[in-house]
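Peer 1: Following this message is one structure expressed as structure tokens.
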Amino acid sequence: MRFSVSWLREYVDLPADLPTADLEQALIDLGIEVDSVVDLRETVAGALVVGEVLEIEELTGFKKPIRFCRVDVGDANGTGEPQEIVCGARNFAPGDRVVVILPGGVLPGGFAIGARKTYGRNSNGMICSARELGLGDDHDGIIVLPGDVPAKPGDDARPVVGLDDVVVEVEITPDRGYAMSMRGLARELSHALGVSFRDPGLAPAPGGTDTPAYPVEVRDTVGCDRFAARLVRGVDPTAPTPDWMRRRLTVCGVRSISLPVDITNYVMLELGQPMHAFDVDRIAGPLVVRRAEAGEKLTTLDGVTRTLAPEDMVICDDSGPISLAAVMGGETSEVVAGTTNVLFEAAHWDPAMVGRTARRHRLFSEAAKRWERGVDPALPLVAIARAVRLLTEHAGGAAGDEIVDIDHVRPRTPVVLPVDLPGRRVGVHYPPARVAALLEQVGCTVARGADRLVEDPGEAGVAVGADDDTLSVTPPTWRPDLTDPADLVEEVARLDGYDRLPSVLPTAPPGRGLTWQQRRRRAVARSLAERGYVEVLAHPFVAPGLADQLALPGDDPRRRAVRLANPLSEEEPLLRTTLLGPLLGMVKRNLGRGQRDLALYEIGAVFHPRPDTGRPPVMGVDRRPTDEEFAAADAVVPDQPRHVAVVLTGDVEPAGWWGAGRPAGWADAVQAGRDVLAAAEIPAERIEVRAAEYAPWHPGRCAALLVDGTVVGHAGELHPTVVAALELPRRTSAMELDLDALPAAAVAPAPVVSGFPPALIDVALVVDSSVPAEQVRQALVEGAGGLLEGVRLFDVYASEQLGAGRRSLAYKLTFRAPDRTLTVEEAVAARDAAVARAAQRFGATLRGA
């Protein structure tokens, strides 16, 4: 939200010499994030003065109308002579006063002004428009000062056009909706700076009358617990928005539309009460406030026809919905150029309903932003009185005496606050009287013990019950966020000053550092990163159709997903059951940005629902939940095993002057799985890799990763239909593995290092193509005995000479004895035993034998 300090001063007595840095720090101390503070006096450099147009000569012979003007700028140019300026605008005449920037000045954006010859004439300066001065978007004509502005030629134009102000932009947190108004910000600054505050929300306003201003029926008093309206007849439809109001709206980032609409926006910014203006002559029949019917349609002010949901609140007439309540009005009843009879509406809507409606329709209007954060239900009549007064003052008309006020607002429930709770929670001693005074400062009504009142010596005039250790606090209507004792404690700490809170670090609990699961995850991440994979963190939300593409047909557990009650996007309402969905989405996004060689990995949780668990118990914040409540809540929480997944596409080894590159393939994905298991300290003899068929992998290029005979993951090339559906390159490969399914690593014995040389022997075995290489390797290990130190597959070969359906697997065998140098005979005997076991089990024969 943006606001001007000059507008703020109407409600709070800020010191005249308050530095902008002190203003910014005061807002920060209040817990309000400050995005920027801009002194408008510094946005335009040089001489910016008031000028009076003396003569205008129309220049002809050019593609567009050009005017040569002589402008009186007083003594601002140092000579007292009129300034000659060429201008293309046509909305001014001799005698008008305009805003002139003289040579040497610099406009916003670094646009320097000089004296130059253009269109055959000398031009010394520029007559400025609002957009050129950064005051708005109007560039159709230059600024013409009204006749009642007390400024003469040569005067500084900055105060005249509002460039003597300071503009502050703040970010309001969701629980501080009251601060999205001048009223709320002024009140906050009055607390921080200790200055007086004039509350515009307490202005007198006439109450509702027995005779309504217009027939209104509220059918849902939960969605709308207050509705007020008042009619103004005979308004001048040509009346313009006053310059001061238009400038304030522009500073706040609101576009000027028409006087009645601008007034509703102005009152919203001033008081925090969103309003709507109807053209009463375009309404057919009485107004009805109700929930929408499924399938009803409404064309909102932005020209979009929207299909309504049963939860949406609407304002209807005899023709149907004419306004999407609390979010945006409809086209059929909007104020138009010829509107003479205006019905102002101010209501109080359910914040949860408004928030869901705005997200459902993707319509985050300024009104909706305030409603979902909470609006003061005591404001409707005050806001309507303010709007009616502004409209009749600037556009004439007669305000009706009849006022609608349908009020079903429930009174606030007092909150019981132990007087010592702020001190116990914050660690700072707050005397009971200080607690009461701070809460009363923000508008709370504090009921205290009446048996025996004592004066707190540190807080004169504030009494607390000496025999009562609690306070009964009724929050004000504009603070819907104050509902629990913890909220009041936060207010006490905030108003007393966050700088008073001690900076004391808690004592670290005793322990042994990271758990073995944490060490494993770090080891896996480090291993993948060292091999060239780049870690990504994806949102855990997926679309419903994605599970069908990545899961097996039928009853695959990955099809059963947890649906979020309030998703960030209606298109992705489910929690992921596999890491591959969001990870493949990131691959697609990077491909779209020109990346071709990708190796990504993610370590994160997947979510599997627990069926038939019911709803979690309701737990408050007034006490620690019991162990039973924790257990009941935990039973509803989905299972969240932690997985690791990688995706590869493009070249895994780039091409260059050294030779051709190597594209990533299914074998790289399988190796990534082996690397993960190795980093998790799973011994190689407990790992098995076997062929498998598992979605979304290619049935002929998919491997299952097993530990102790249990499948813990899969790797390989993605199925062509999945690749085509997700628009990924052919041969894209992936691996996903359940880290939580891996057993804890056993205590590793110290390795025995032999000082004797190894015996290296290569064997090439011819087997059927259907025989997995991993199983041949295991047979060699079993047959070779204890002298075998290592075995590694280094070549796979197939040809017509080997025969159809046959292939050659070449292994490098390493033999070594711990206590002696092996003889040739011992090494050959061990090799022959290994080959014999492979021949016995798979019919393997030595290649070339």
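In the structure tokens, chains take the letters A, B, ... in the order shown, each chain's residues start at 1, and ligands count up from 1 in the order shown.
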Name the residues in contact with A:Ala830 at a cut-off of 8 Å, using only C-alpha atoms, excluding same-chain residues fewer than 6 positions from it; report them as a PyMOL selection string.

Peer 2: chain A and resi 783-785+787-788

Peer 1: DSSP on the backbone, then: every residue of stretch 602-695 of chain A marked strand (DSSP E), written as a list in words.

Peer 2: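 In stretch 602-695 of chain A, DSSP puts these residues in strand (DSSP E): Glu602, Ile603, Gly604, Ala605, Arg642, His643, Val644, Ala645, Val646, Val647, Leu648, Thr649, Asp651, Val652, Glu653, Arg662, Pro663, Ile687, Glu688, Val689, Arg690 and Ala691 of chain A.
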
Peer 1: Which one is closest to A:Arg389: A:Pro260, A:Pro480, A:Gly709, A:Gly585? Count only C-alpha atoms.

Peer 2: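 So, comparing all the options, the nearest one is A:Pro260.
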
Peer 1: Work out how far atom CA of A:Asp668 is from atom CA of A:Val707, in Å to one decimal.

Peer 2: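 Distance between the two atoms: 19.2 Å.
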
Peer 1: Can you list, as a ChimeraX atom specification, all residues belonging to stretch 724-838 of chain A that DSSP tags as helix (DSSP H, G or I)?

Peer 2: /A:724-725,739-741,773-787,824-838

Peer 1: Write out as a PyMOL selection string the residues lying within 6 Å of stretch 307-317 of chain A, counting only C-alpha atoms and excluding same-chain residues fewer than 4 positions away.

Peer 2: chain A and resi 284-297+321-325+357

Peer 1: So that each row is one residue of stretch 235-299 of chain A with an atom at most 12 Å from stretch 164-174 of chain A, can you give its shortest atom pair and the distance in Å to one decimal, using only C-alpha atoms, rows by chain and rising number, as a tab-separated table?

Peer 2:
residue	atom	partner	partner_atom	distance
A:Arg247	CA	A:Asp165	CA	11.2
A:Arg248	CA	A:Val167	CA	10.2
A:Thr250	CA	A:Val167	CA	11.1
A:Val251	CA	A:Val167	CA	7.3
A:Cys252	CA	A:Glu169	CA	8.7
A:Gly253	CA	A:Glu169	CA	10.3

Peer 1: Go ahead and save the picked residues with all heavy atoms, as a compact mmCIF listing (two decimals), in the first residue's frame.

Peer 2:
# COMPACT_ATOMS: atom_id res chain seq x y z
N ARG A 247 -5.10 13.51 -7.04
CA ARG A 247 -3.67 13.37 -6.74
C ARG A 247 -3.45 12.33 -5.65
O ARG A 247 -2.53 11.51 -5.73
CB ARG A 247 -3.08 14.71 -6.32
CG ARG A 247 -2.85 15.68 -7.46
CD ARG A 247 -1.84 16.76 -7.07
NE ARG A 247 -2.30 17.53 -5.94
CZ ARG A 247 -3.01 18.65 -6.02
NH1 ARG A 247 -3.34 19.12 -7.22
NH2 ARG A 247 -3.39 19.31 -4.94
N ARG A 248 -4.28 12.33 -4.63
CA ARG A 248 -4.12 11.36 -3.55
C ARG A 248 -4.38 9.94 -4.05
O ARG A 248 -3.68 9.00 -3.67
CB ARG A 248 -5.06 11.70 -2.40
CG ARG A 248 -4.59 12.91 -1.59
CD ARG A 248 -5.52 13.23 -0.45
NE ARG A 248 -4.96 14.29 0.40
CZ ARG A 248 -5.56 14.78 1.47
NH1 ARG A 248 -6.75 14.31 1.84
NH2 ARG A 248 -4.99 15.74 2.18
N THR A 250 -3.93 8.89 -7.09
CA THR A 250 -2.82 8.54 -7.96
C THR A 250 -1.60 8.11 -7.15
O THR A 250 -0.94 7.12 -7.47
CB THR A 250 -2.44 9.73 -8.87
OG1 THR A 250 -3.57 10.07 -9.67
CG2 THR A 250 -1.28 9.38 -9.78
N VAL A 251 -1.31 8.85 -6.07
CA VAL A 251 -0.19 8.48 -5.21
C VAL A 251 -0.39 7.08 -4.64
O VAL A 251 0.56 6.29 -4.53
CB VAL A 251 -0.02 9.51 -4.09
CG1 VAL A 251 0.91 8.98 -3.00
CG2 VAL A 251 0.54 10.82 -4.65
N CYS A 252 -1.63 6.73 -4.32
CA CYS A 252 -1.92 5.41 -3.75
C CYS A 252 -2.03 4.33 -4.81
O CYS A 252 -2.30 3.17 -4.48
CB CYS A 252 -3.22 5.47 -2.95
SG CYS A 252 -3.11 6.50 -1.47
N GLY A 253 -1.83 4.69 -6.08
CA GLY A 253 -1.86 3.70 -7.15
C GLY A 253 -3.25 3.37 -7.65
O GLY A 253 -3.44 2.32 -8.27

Peer 1: Quick one: residues within 7 Å of stretch 360-367 of chain A, only C-alpha atoms, excluding same-chain residues fewer than 6 positions away - as a list in words?

Peer 2: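 Using only C-alpha atoms, the neighbours found are Pro274, Ala326 and Val327 of chain A.
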
Peer 1: Identify, on the basis of only C-alpha atoms, every residue whose closest approach to stretch 185-196 of chain A does not exceed 6 Å; exclude the query and any residue fewer than 2 positions from it along the same chain; express the result as number ranges by chain.

Peer 2: A: 12-13, 179, 182-183

Peer 1: From the options A:Arg841, A:Glu789, A:Glu800, A:Glu10, which residue's atoms come nearest to A:Ala817, counting only C-alpha atoms?

Peer 2: A:Glu789

Peer 1: For each of A:Pro729, A:Gly400, A:Pro108, A:Gly74, take the minimum atom-to-atom distance to A:Thr211, counting only C-alpha atoms, then give the residue where this is smallest.

Peer 2: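 Of the candidates, the smallest distance to A:Thr211 is held by A:Gly400.
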
Peer 1: Tell me, as a ChimeraX atom specification, which residues lie within 8 Å of A:Gly223, counting only C-alpha atoms; anything in the same chain fewer than 6 positions away does not count.

Peer 2: /A:313,349-350,353

Peer 1: Would you write out those residues with N, CA and C atoms, as a PDB file, in the first residue's frame?

Peer 2:
ATOM      1  N   MET A 313     -20.925 -14.818  -2.581  1.00  0.00           N
ATOM      2  CA  MET A 313     -22.002 -13.912  -2.194  1.00  0.00           C
ATOM      3  C   MET A 313     -22.245 -12.935  -3.335  1.00  0.00           C
ATOM      4  N   TRP A 349     -18.594  -8.153   5.249  1.00  0.00           N
ATOM      5  CA  TRP A 349     -18.656  -9.490   4.667  1.00  0.00           C
ATOM      6  C   TRP A 349     -17.737 -10.438   5.411  1.00  0.00           C
ATOM      7  N   ASP A 350     -18.035 -11.729   5.298  1.00  0.00           N
ATOM      8  CA  ASP A 350     -17.231 -12.771   5.927  1.00  0.00           C
ATOM      9  C   ASP A 350     -15.854 -12.843   5.260  1.00  0.00           C
ATOM     10  N   MET A 353     -15.062 -16.134   3.281  1.00  0.00           N
ATOM     11  CA  MET A 353     -15.815 -16.231   2.029  1.00  0.00           C
ATOM     12  C   MET A 353     -15.183 -15.365   0.952  1.00  0.00           C
TER      13      MET A 353
END

Peer 1: Just checking: using only C-alpha atoms, which residue out of A:Arg521, A:Arg198, A:Arg531, A:Arg847 ends up closest to A:Asp738?

Peer 2: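 Answer, going by the shortest atom-to-atom distance: A:Arg521.
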
Peer 1: Quick one: residues within 6 Å of A:Phe344, only C-alpha atoms counted, chain neighbours fewer than 6 positions away excluded, as a VMD selection string?

Peer 2: chain A and resid 229 to 230 276 to 277

Peer 1: Keeping only C-alpha atoms, write the selected residues to a file as a CSV table (one decimal), in the first residue's frame.

Peer 2:
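Dumped to result_37.csv:
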chain,number,residue,atom,x,y,z
A,229,ALA,CA,-27.0,2.0,1.9
A,230,ARG,CA,-28.0,5.6,1.2
A,276,HIS,CA,-19.7,0.4,-4.0
A,277,ALA,CA,-21.7,2.9,-6.0

Peer 1: Interatomic distance between atom CA of A:Arg816 and atom CA of A:Asp708?

Peer 2: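 About the pair atom CA of A:Arg816 and atom CA of A:Asp708: they are 27.3 Å apart.
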
Peer 1: Select, from A:Pro65, A:Pro485, A:Gly162, A:Gly665, the residue with the minimum atom-to-atom distance to A:Glu653, counting only C-alpha atoms.

Peer 2: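 Of A:Pro65, A:Pro485, A:Gly162, A:Gly665, the one nearest A:Glu653, counting only C-alpha atoms, is A:Gly665.
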
Peer 1: Interatomic distance between atom CA of A:Arg67 and atom CA of A:Leu133?

Peer 2: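 Pair atom CA of A:Arg67 / atom CA of A:Leu133 returns 20.7 Å.
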
Peer 1: Looking at only C-alpha atoms, which of A:Asp29, A:Ala746, A:Ala804, A:Val646 is the one that sits closest to A:Leu718?

Peer 2: A:Val646
